[in-house]
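Raw model37.cif, mmCIF, C-alpha atoms:
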data_work
#
loop_
_atom_site.label_atom_id
_atom_site.label_comp_id
_atom_site.auth_asym_id
_atom_site.auth_seq_id
_atom_site.Cartn_x
_atom_site.Cartn_y
_atom_site.Cartn_z
CA MET T 1213 -62.38 21.05 -33.87
CA LYS T 1214 -64.02 23.96 -32.06
CA LYS T 1215 -66.01 21.79 -29.70
CA SER T 1216 -65.82 22.90 -26.10
CA ILE T 1217 -63.71 21.28 -23.40
CA LYS T 1218 -64.84 20.63 -19.84
CA LEU T 1219 -62.51 20.91 -16.87
CA THR T 1220 -62.99 20.02 -13.20
CA PRO T 1221 -60.95 21.54 -10.34
CA ILE T 1222 -58.45 19.16 -8.69
CA GLY T 1223 -57.86 21.41 -5.68
CA VAL T 1224 -57.98 24.89 -4.24
CA ILE T 1225 -55.51 27.68 -3.40
CA HIS T 1226 -55.08 29.02 0.12
CA SER T 1227 -53.74 32.53 -0.05
CA PRO T 1228 -53.34 35.59 2.16
CA TYR T 1229 -54.97 37.57 -0.66
CA THR T 1230 -58.73 37.88 -0.59
CA GLU T 1231 -59.09 40.58 -3.24
CA PRO T 1232 -57.62 40.44 -6.76
CA ALA T 1233 -56.84 44.18 -6.49
CA ASP T 1234 -54.33 43.50 -3.68
CA ILE T 1235 -52.16 41.22 -5.80
CA HIS T 1236 -49.02 42.81 -7.18
CA PRO T 1237 -47.34 40.63 -9.82
CA LEU T 1238 -43.80 41.44 -8.66
CA ARG T 1239 -44.34 41.43 -4.89
CA SER T 1240 -46.25 38.12 -5.08
CA ARG T 1241 -43.00 36.28 -5.70
CA PHE T 1242 -42.39 36.32 -1.94
CA ILE T 1243 -45.93 35.51 -0.79
CA LYS T 1244 -46.51 32.14 0.83
CA GLY T 1245 -49.64 30.02 0.67
CA SER T 1246 -50.70 26.47 -0.04
CA ILE T 1247 -52.42 24.21 -2.53
CA GLU T 1248 -54.97 21.75 -1.16
CA ILE T 1249 -55.41 18.86 -3.56
CA PHE T 1250 -58.75 17.08 -3.26
CA PRO T 1251 -58.49 13.50 -1.84
CA GLU T 1252 -59.51 11.79 -5.10
CA TYR T 1253 -56.45 13.30 -6.87
CA ALA T 1254 -53.90 13.02 -4.04
CA LYS T 1255 -52.27 9.88 -5.50
CA GLY T 1256 -51.07 11.98 -8.45
CA LEU T 1257 -48.80 13.99 -6.09
CA LYS T 1258 -46.31 11.11 -5.71
CA ASP T 1259 -42.75 12.27 -6.58
CA ILE T 1260 -43.72 15.95 -6.82
CA ASP T 1261 -41.64 16.73 -3.69
CA GLY T 1262 -38.45 16.28 -5.74
CA PHE T 1263 -39.13 19.40 -7.78
CA SER T 1264 -38.16 22.83 -6.49
CA HIS T 1265 -40.62 24.62 -8.78
CA ILE T 1266 -43.98 23.68 -10.23
CA TYR T 1267 -46.49 25.20 -12.59
CA VAL T 1268 -49.94 25.85 -11.20
CA LEU T 1269 -52.73 26.09 -13.76
CA TRP T 1270 -55.76 27.68 -12.20
CA HIS T 1271 -59.12 29.20 -12.96
CA PHE T 1272 -59.66 32.98 -12.98
CA HIS T 1273 -62.99 32.20 -11.32
CA LEU T 1274 -63.78 35.84 -10.46
CA SER T 1275 -63.60 37.03 -14.06
CA GLU T 1276 -66.41 36.50 -16.51
CA LYS T 1277 -65.23 39.24 -18.82
CA VAL T 1278 -63.41 38.62 -22.09
CA ASP T 1279 -61.26 41.42 -23.50
CA LEU T 1280 -59.11 41.06 -26.59
CA LEU T 1281 -57.38 44.35 -25.77
CA THR T 1282 -56.50 45.20 -22.19
CA SER T 1283 -54.99 47.95 -20.02
CA PRO T 1284 -52.00 46.52 -18.14
CA LEU T 1285 -51.64 47.43 -14.46
CA MET T 1286 -48.06 48.63 -14.97
CA GLU T 1287 -48.97 51.05 -17.76
CA PRO T 1288 -52.66 51.44 -18.63
CA LYS T 1289 -52.12 53.12 -22.01
CA PRO T 1290 -51.87 52.11 -24.80
CA LYS T 1291 -54.02 49.02 -24.56
CA ARG T 1292 -52.19 45.78 -25.32
CA GLY T 1293 -53.33 42.60 -27.00
CA THR T 1294 -54.62 40.19 -24.35
CA PHE T 1295 -52.31 37.38 -25.50
CA ALA T 1296 -49.35 39.72 -24.90
CA THR T 1297 -50.42 40.11 -21.23
CA ARG T 1298 -51.34 37.93 -18.26
CA THR T 1299 -54.74 39.62 -17.69
CA PRO T 1300 -57.55 37.49 -16.20
CA HIS T 1301 -60.01 38.73 -18.82
CA ARG T 1302 -59.01 36.22 -21.52
CA PRO T 1303 -61.09 34.06 -23.85
CA ASN T 1304 -60.35 31.02 -21.66
CA HIS T 1305 -59.97 32.08 -18.05
CA ILE T 1306 -56.87 30.07 -17.20
CA GLY T 1307 -54.07 31.44 -15.03
CA LEU T 1308 -50.51 30.13 -14.99
CA THR T 1309 -47.95 30.66 -12.21
CA VAL T 1310 -44.52 29.22 -11.48
CA VAL T 1311 -44.28 28.67 -7.72
CA ARG T 1312 -41.55 27.44 -5.41
CA LEU T 1313 -42.55 24.17 -3.75
CA LEU T 1314 -41.47 24.47 -0.12
CA LYS T 1315 -42.89 21.33 1.44
CA ARG T 1316 -45.52 18.68 0.96
CA GLU T 1317 -47.74 17.47 3.78
CA ARG T 1318 -49.92 14.66 2.40
CA SER T 1319 -52.21 16.42 -0.07
CA ILE T 1320 -51.20 19.96 0.96
CA LEU T 1321 -48.39 21.69 -0.94
CA HIS T 1322 -46.78 24.65 0.79
CA ILE T 1323 -45.69 27.15 -1.84
CA LYS T 1324 -44.04 30.55 -2.32
CA GLY T 1325 -45.01 32.88 -5.15
CA VAL T 1326 -48.77 33.09 -4.65
CA ASP T 1327 -50.55 35.49 -7.01
CA MET T 1328 -54.02 34.03 -6.66
CA VAL T 1329 -56.79 34.82 -4.17
CA GLU T 1330 -58.03 32.51 -1.41
CA GLY T 1331 -60.34 29.85 -2.85
CA THR T 1332 -58.99 29.88 -6.42
CA PRO T 1333 -59.78 26.55 -8.17
CA VAL T 1334 -56.67 24.61 -9.26
CA LEU T 1335 -56.82 22.80 -12.60
CA ASP T 1336 -53.42 21.16 -12.97
CA LEU T 1337 -49.89 20.94 -11.56
CA LYS T 1338 -46.84 20.28 -13.71
CA PRO T 1339 -43.15 20.03 -12.86
CA TYR T 1340 -40.99 22.98 -13.98
CA THR T 1341 -38.16 21.44 -16.02
CA ARG T 1342 -35.07 22.49 -17.97
CA ARG T 1343 -37.18 22.95 -21.11
CA ASP T 1344 -39.14 25.68 -19.31
CA ARG T 1345 -36.06 27.70 -18.48
CA ARG T 1346 -35.11 30.16 -21.22
CA SER T 1347 -32.17 32.42 -20.62
CA HIS T 1348 -32.21 34.86 -23.53
CA ILE T 1349 -35.63 36.41 -23.68
CA ARG T 1350 -37.09 39.51 -25.27
CA LEU T 1351 -40.09 41.07 -23.53
CA GLY T 1352 -41.65 43.54 -25.97
CA TRP T 1353 -43.75 46.25 -24.33
CA LEU T 1354 -42.78 45.00 -20.85
CA ASP T 1355 -39.10 45.70 -21.56
CA GLU T 1356 -39.98 49.26 -22.55
CA VAL T 1357 -42.04 49.85 -19.40
CA GLU T 1358 -39.32 48.47 -17.14
CA ARG T 1359 -36.61 50.49 -18.87
CA ARG T 1360 -38.60 53.66 -18.29
CA GLU T 1361 -39.16 52.80 -14.60
CA ARG T 1362 -35.49 52.33 -13.85
CA MET Q 67 -66.27 25.35 -5.91
CA LYS Q 68 -66.00 22.10 -7.80
CA LYS Q 69 -68.29 23.17 -10.61
CA SER Q 70 -66.93 22.45 -14.05
CA ILE Q 71 -65.34 24.99 -16.37
CA LYS Q 72 -65.95 25.20 -20.09
CA LEU Q 73 -63.22 26.18 -22.56
CA THR Q 74 -63.35 26.93 -26.27
CA PRO Q 75 -60.34 26.66 -28.61
CA ILE Q 76 -58.95 29.98 -29.86
CA GLY Q 77 -56.86 28.39 -32.61
CA VAL Q 78 -55.08 25.32 -33.89
CA ILE Q 79 -51.52 24.01 -34.11
CA HIS Q 80 -49.87 23.17 -37.42
CA SER Q 81 -47.13 20.65 -36.85
CA PRO Q 82 -44.98 18.21 -38.81
CA TYR Q 83 -46.04 15.57 -36.26
CA THR Q 84 -49.16 13.59 -37.03
CA GLU Q 85 -48.73 10.90 -34.36
CA PRO Q 86 -48.16 11.53 -30.64
CA ALA Q 87 -45.74 8.57 -30.59
CA ASP Q 88 -43.34 10.45 -32.92
CA ILE Q 89 -42.90 13.37 -30.53
CA HIS Q 90 -39.71 13.32 -28.51
CA PRO Q 91 -39.73 15.91 -25.70
CA LEU Q 92 -36.06 16.84 -26.13
CA ARG Q 93 -35.83 16.79 -29.94
CA SER Q 94 -39.03 18.85 -30.26
CA ARG Q 95 -37.14 21.93 -29.12
CA PHE Q 96 -35.89 22.35 -32.70
CA ILE Q 97 -39.12 21.51 -34.52
CA LYS Q 98 -40.85 24.33 -36.38
CA GLY Q 99 -44.57 24.78 -36.89
CA SER Q 100 -47.24 27.42 -36.55
CA ILE Q 101 -50.24 28.53 -34.55
CA GLU Q 102 -53.31 29.62 -36.49
CA ILE Q 103 -55.47 31.88 -34.32
CA PHE Q 104 -59.14 31.96 -35.35
CA PRO Q 105 -60.26 35.32 -36.86
CA GLU Q 106 -62.54 36.21 -33.94
CA TYR Q 107 -59.53 36.19 -31.55
CA ALA Q 108 -56.91 37.74 -33.85
CA LYS Q 109 -57.20 41.21 -32.26
CA GLY Q 110 -55.76 39.74 -29.04
CA LEU Q 111 -52.41 39.12 -30.82
CA LYS Q 112 -51.48 42.82 -30.85
CA ASP Q 113 -48.02 43.38 -29.27
CA ILE Q 114 -47.24 39.65 -29.07
CA ASP Q 115 -44.48 40.05 -31.69
CA GLY Q 116 -42.28 41.80 -29.13
CA PHE Q 117 -41.85 38.62 -27.09
CA SER Q 118 -39.20 36.07 -28.02
CA HIS Q 119 -40.96 33.25 -26.16
CA ILE Q 120 -44.59 32.50 -25.42
CA TYR Q 121 -46.53 29.88 -23.51
CA VAL Q 122 -48.97 27.80 -25.50
CA LEU Q 123 -51.77 26.19 -23.50
CA TRP Q 124 -53.38 23.47 -25.53
CA HIS Q 125 -55.76 20.55 -25.35
CA PHE Q 126 -54.52 16.94 -25.26
CA HIS Q 127 -57.45 16.20 -27.57
CA LEU Q 128 -56.31 12.66 -28.39
CA SER Q 129 -56.29 11.50 -24.77
CA GLU Q 130 -59.44 10.57 -22.92
CA LYS Q 131 -57.60 8.56 -20.32
CA VAL Q 132 -56.92 9.81 -16.78
CA ASP Q 133 -54.06 8.23 -14.86
CA LEU Q 134 -52.93 9.37 -11.43
CA LEU Q 135 -49.77 7.29 -11.75
CA THR Q 136 -47.95 7.10 -15.06
CA SER Q 137 -44.96 5.43 -16.77
CA PRO Q 138 -42.66 8.16 -18.13
CA LEU Q 139 -41.23 7.67 -21.62
CA MET Q 140 -37.68 8.21 -20.37
CA GLU Q 141 -37.90 5.51 -17.70
CA PRO Q 142 -41.09 3.44 -17.52
CA LYS Q 143 -40.49 2.05 -14.03
CA PRO Q 144 -41.25 2.95 -11.31
CA LYS Q 145 -44.49 4.72 -12.08
CA ARG Q 146 -44.52 8.40 -11.16
CA GLY Q 147 -47.29 10.64 -9.87
CA THR Q 148 -49.01 12.32 -12.82
CA PHE Q 149 -48.49 15.82 -11.38
CA ALA Q 150 -44.73 15.10 -11.30
CA THR Q 151 -44.78 14.43 -15.08
CA ARG Q 152 -46.03 16.10 -18.26
CA THR Q 153 -48.11 13.08 -19.40
CA PRO Q 154 -51.24 13.75 -21.50
CA HIS Q 155 -53.33 11.41 -19.34
CA ARG Q 156 -54.09 13.97 -16.62
CA PRO Q 157 -57.34 14.83 -14.82
CA ASN Q 158 -57.65 17.97 -16.97
CA HIS Q 159 -56.14 17.36 -20.38
CA ILE Q 160 -54.21 20.61 -20.73
CA GLY Q 161 -50.74 20.76 -22.27
CA LEU Q 162 -48.23 23.55 -21.70
CA THR Q 163 -45.24 24.37 -23.90
CA VAL Q 164 -42.77 27.26 -24.04
CA VAL Q 165 -42.12 28.02 -27.72
CA ARG Q 166 -39.85 30.47 -29.53
CA LEU Q 167 -41.90 33.01 -31.49
CA LEU Q 168 -40.14 33.40 -34.84
CA LYS Q 169 -42.51 35.62 -36.78
CA ARG Q 170 -46.10 36.76 -36.92
CA GLU Q 171 -48.04 36.95 -40.17
CA ARG Q 172 -51.48 38.39 -39.35
CA SER Q 173 -53.13 35.67 -37.27
CA ILE Q 174 -50.44 33.03 -37.93
CA LEU Q 175 -47.57 32.69 -35.46
CA HIS Q 176 -44.50 30.85 -36.71
CA ILE Q 177 -42.91 29.01 -33.81
CA LYS Q 178 -40.03 26.73 -32.88
CA GLY Q 179 -40.34 24.07 -30.19
CA VAL Q 180 -43.42 22.20 -31.37
CA ASP Q 181 -44.32 19.14 -29.30
CA MET Q 182 -47.96 18.87 -30.36
CA VAL Q 183 -49.53 17.03 -33.28
CA GLU Q 184 -51.15 18.65 -36.33
CA GLY Q 185 -54.64 19.88 -35.48
CA THR Q 186 -54.11 20.31 -31.72
CA PRO Q 187 -56.63 22.82 -30.29
CA VAL Q 188 -55.02 25.92 -28.73
CA LEU Q 189 -56.60 27.30 -25.55
CA ASP Q 190 -54.46 30.30 -24.64
CA LEU Q 191 -51.23 32.16 -25.35
CA LYS Q 192 -49.28 34.06 -22.69
CA PRO Q 193 -46.01 35.99 -22.84
CA TYR Q 194 -43.01 34.30 -21.20
CA THR Q 195 -41.64 36.86 -18.74
CA ARG Q 196 -38.85 37.24 -16.19
CA ARG Q 197 -41.06 35.72 -13.49
CA ASP Q 198 -41.17 32.49 -15.52
CA ARG Q 199 -37.42 32.14 -15.65
CA ARG Q 200 -36.00 30.25 -12.66
CA SER Q 201 -32.29 29.61 -12.60
CA HIS Q 202 -31.76 27.29 -9.63
CA ILE Q 203 -34.06 24.34 -10.06
CA ARG Q 204 -34.24 20.85 -8.64
CA LEU Q 205 -35.79 18.18 -10.84
CA GLY Q 206 -36.48 15.16 -8.61
CA TRP Q 207 -36.79 11.88 -10.51
CA LEU Q 208 -35.86 13.59 -13.79
CA ASP Q 209 -32.46 14.59 -12.37
CA GLU Q 210 -31.81 10.98 -11.39
CA VAL Q 211 -32.75 9.68 -14.84
CA GLU Q 212 -30.56 12.23 -16.60
CA ARG Q 213 -27.61 11.58 -14.31
CA ARG Q 214 -27.82 7.86 -15.09
CA GLU Q 215 -27.99 8.54 -18.84
CA ARG Q 216 -24.83 10.63 -18.91
#
Please lay out the structure from this file as structure tokens.
Amino acid sequence: MKKSIKLTPIGVIHSPYTEPADIHPLRSRFIKGSIEIFPEYAKGLKDIDGFSHIYVLWHFHLSEKVDLLTSPLMEPKPKRGTFATRTPHRPNHIGLTVVRLLKRERSILHIKGVDMVEGTPVLDLKPYTRRDRRSHIRLGWLDEVERRER
Amino acid sequence: MKKSIKLTPIGVIHSPYTEPADIHPLRSRFIKGSIEIFPEYAKGLKDIDGFSHIYVLWHFHLSEKVDLLTSPLMEPKPKRGTFATRTPHRPNHIGLTVVRLLKRERSILHIKGVDMVEGTPVLDLKPYTRRDRRSHIRLGWLDEVERRER
């Protein structure tokens, strides 16, 4: 049950960001970039153009650290449980981002909403569907931080 | 860049489903179950209770097949590109589900929206935030299928 799982990148992110420190989670919503899917996986992109939004699963390849408690960027104290944040320093270094799919050119996807650095390995793409859209959400510590910032 | 990535499960899903064939993507929204996080990762659950919805990243541990084109359950023909579907038979066998977090009891999370089988390895949990909520979405082939079913 606890045996390890091996993943292989299917592509790579092209991003204007070169340093993780430059990425701001809220501003990144407007940042454009692209996903280059490696030729051996390109066939799997059929029909993806129909979706306005896709999930990108990617590898936090610059982090080798694992924290179970972490200091969020928006409010460093108190520390929060890692699974209640989107920190890179997680037990399994997987990142998840919803991006807008602007255009496909063969095996290149032009996207908006880039919060990864140039060269980030891509692990999977999935369509964003109605089941992923939740209207009434509660956001715990994030709600408190945002309320205070208003 | 294409070096492989190793993941280790942080927990396991408890589900009323024992067979993948019994899982219906739309009905599963109402199915209750739980996530058991292994003791060594439990500290990372701090603050998670504040969130109404979380992402579960999990391992399609029963699939060893990789398809780049796949026959969706809802409409088997034509075949669709794997990255335009949520099929288990993907290059990296990672599943992604938004679940409602009902209650936390120590390292057990009671959830609603289970579309995994009993014993599914859990890889990561992330809070579902405002950035994950997209209101105007286009759903490509899925829109067509749903329109025809109405």
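Here, the PyMOL selection byres ((chain T and resi 1278) around 10) matches Ser1275, Glu1276, Lys1277, Asp1279, Leu1280, Leu1281, Thr1282, Thr1294, Thr1299, Pro1300, His1301, Arg1302, Pro1303, Asn1304 and His1305 of chain T.
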Mind giving me the straight-line distance from CA of Lys98 (chain Q) to CA of His176 (chain Q) in Å, one decimal?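 Interatomic distance, CA of Lys98 (chain Q) to CA of His176 (chain Q): 7.5 Å.
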Report the distance between CA of Ser1347 (chain T) and CA of Pro193 (chain Q) in Å, rounded to one decimal place.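 Atom-to-atom, CA of Ser1347 (chain T) and CA of Pro193 (chain Q) are spaced 14.5 Å apart.
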What's the 12 Å shell around Arg1360 (chain T), counting only C-alpha atoms, without same-chain residues fewer than 5 positions away, as a list in words? Met1286, Glu1287, Trp1353, Leu1354 and Asp1355 of chain T
Excluding same-chain residues fewer than 4 positions from Ala150 (chain Q), what lies within 9 Å of it counting all atoms listed in the file, as a PDB file with C-alpha atoms, in the frame of the given file?
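The resulting file, result.pdb, is reproduced below:
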ATOM      1  CA  GLY T1256     -51.070  11.980  -8.450  1.00  0.00           C
ATOM      2  CA  LEU T1257     -48.800  13.990  -6.090  1.00  0.00           C
ATOM      3  CA  LYS T1258     -46.310  11.110  -5.710  1.00  0.00           C
ATOM      4  CA  ASP T1259     -42.750  12.270  -6.580  1.00  0.00           C
ATOM      5  CA  ILE T1260     -43.720  15.950  -6.820  1.00  0.00           C
ATOM      6  CA  ASP T1261     -41.640  16.730  -3.690  1.00  0.00           C
ATOM      7  CA  GLY T1262     -38.450  16.280  -5.740  1.00  0.00           C
ATOM      8  CA  PHE T1263     -39.130  19.400  -7.780  1.00  0.00           C
ATOM      9  CA  ILE T1266     -43.980  23.680 -10.230  1.00  0.00           C
ATOM     10  CA  LEU T1337     -49.890  20.940 -11.560  1.00  0.00           C
ATOM     11  CA  LYS T1338     -46.840  20.280 -13.710  1.00  0.00           C
ATOM     12  CA  PRO T1339     -43.150  20.030 -12.860  1.00  0.00           C
TER      13      PRO T1339
ATOM     14  CA  ARG Q 146     -44.520   8.400 -11.160  1.00  0.00           C
ATOM     15  CA  GLY Q 206     -36.480  15.160  -8.610  1.00  0.00           C
ATOM     16  CA  TRP Q 207     -36.790  11.880 -10.510  1.00  0.00           C
TER      17      TRP Q 207
END
I need the residue nearest Met1328 (chain T) from this list: T:Leu1313, T:Leu1219, T:Leu1285, T:Leu1274. Use all atoms listed in the file for the distance. T:Leu1274
If we count only C-alpha atoms and set the cut-off at 10 Å, which residues sit around Arg1318 (chain T), ignoring sequence neighbours fewer than 5 positions away in its own chain? Please answer as a VMD selection string. chain T and resid 1248 to 1249 1251 1254 to 1255 1257 to 1258
Report the distance between CA of Pro1228 (chain T) and CA of His202 (chain Q) in Å, rounded to one decimal place.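 Interatomic distance, CA of Pro1228 (chain T) to CA of His202 (chain Q): 26.0 Å.
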Give me the residues near Ile1247 (chain T) as number ranges by chain, where near means some atom within 12 Å (using only C-alpha atoms) and where sequence neighbours in that chain fewer than 4 positions away do not count. T: 1221-1227, 1254, 1257, 1266-1270, 1311-1326, 1328-1337
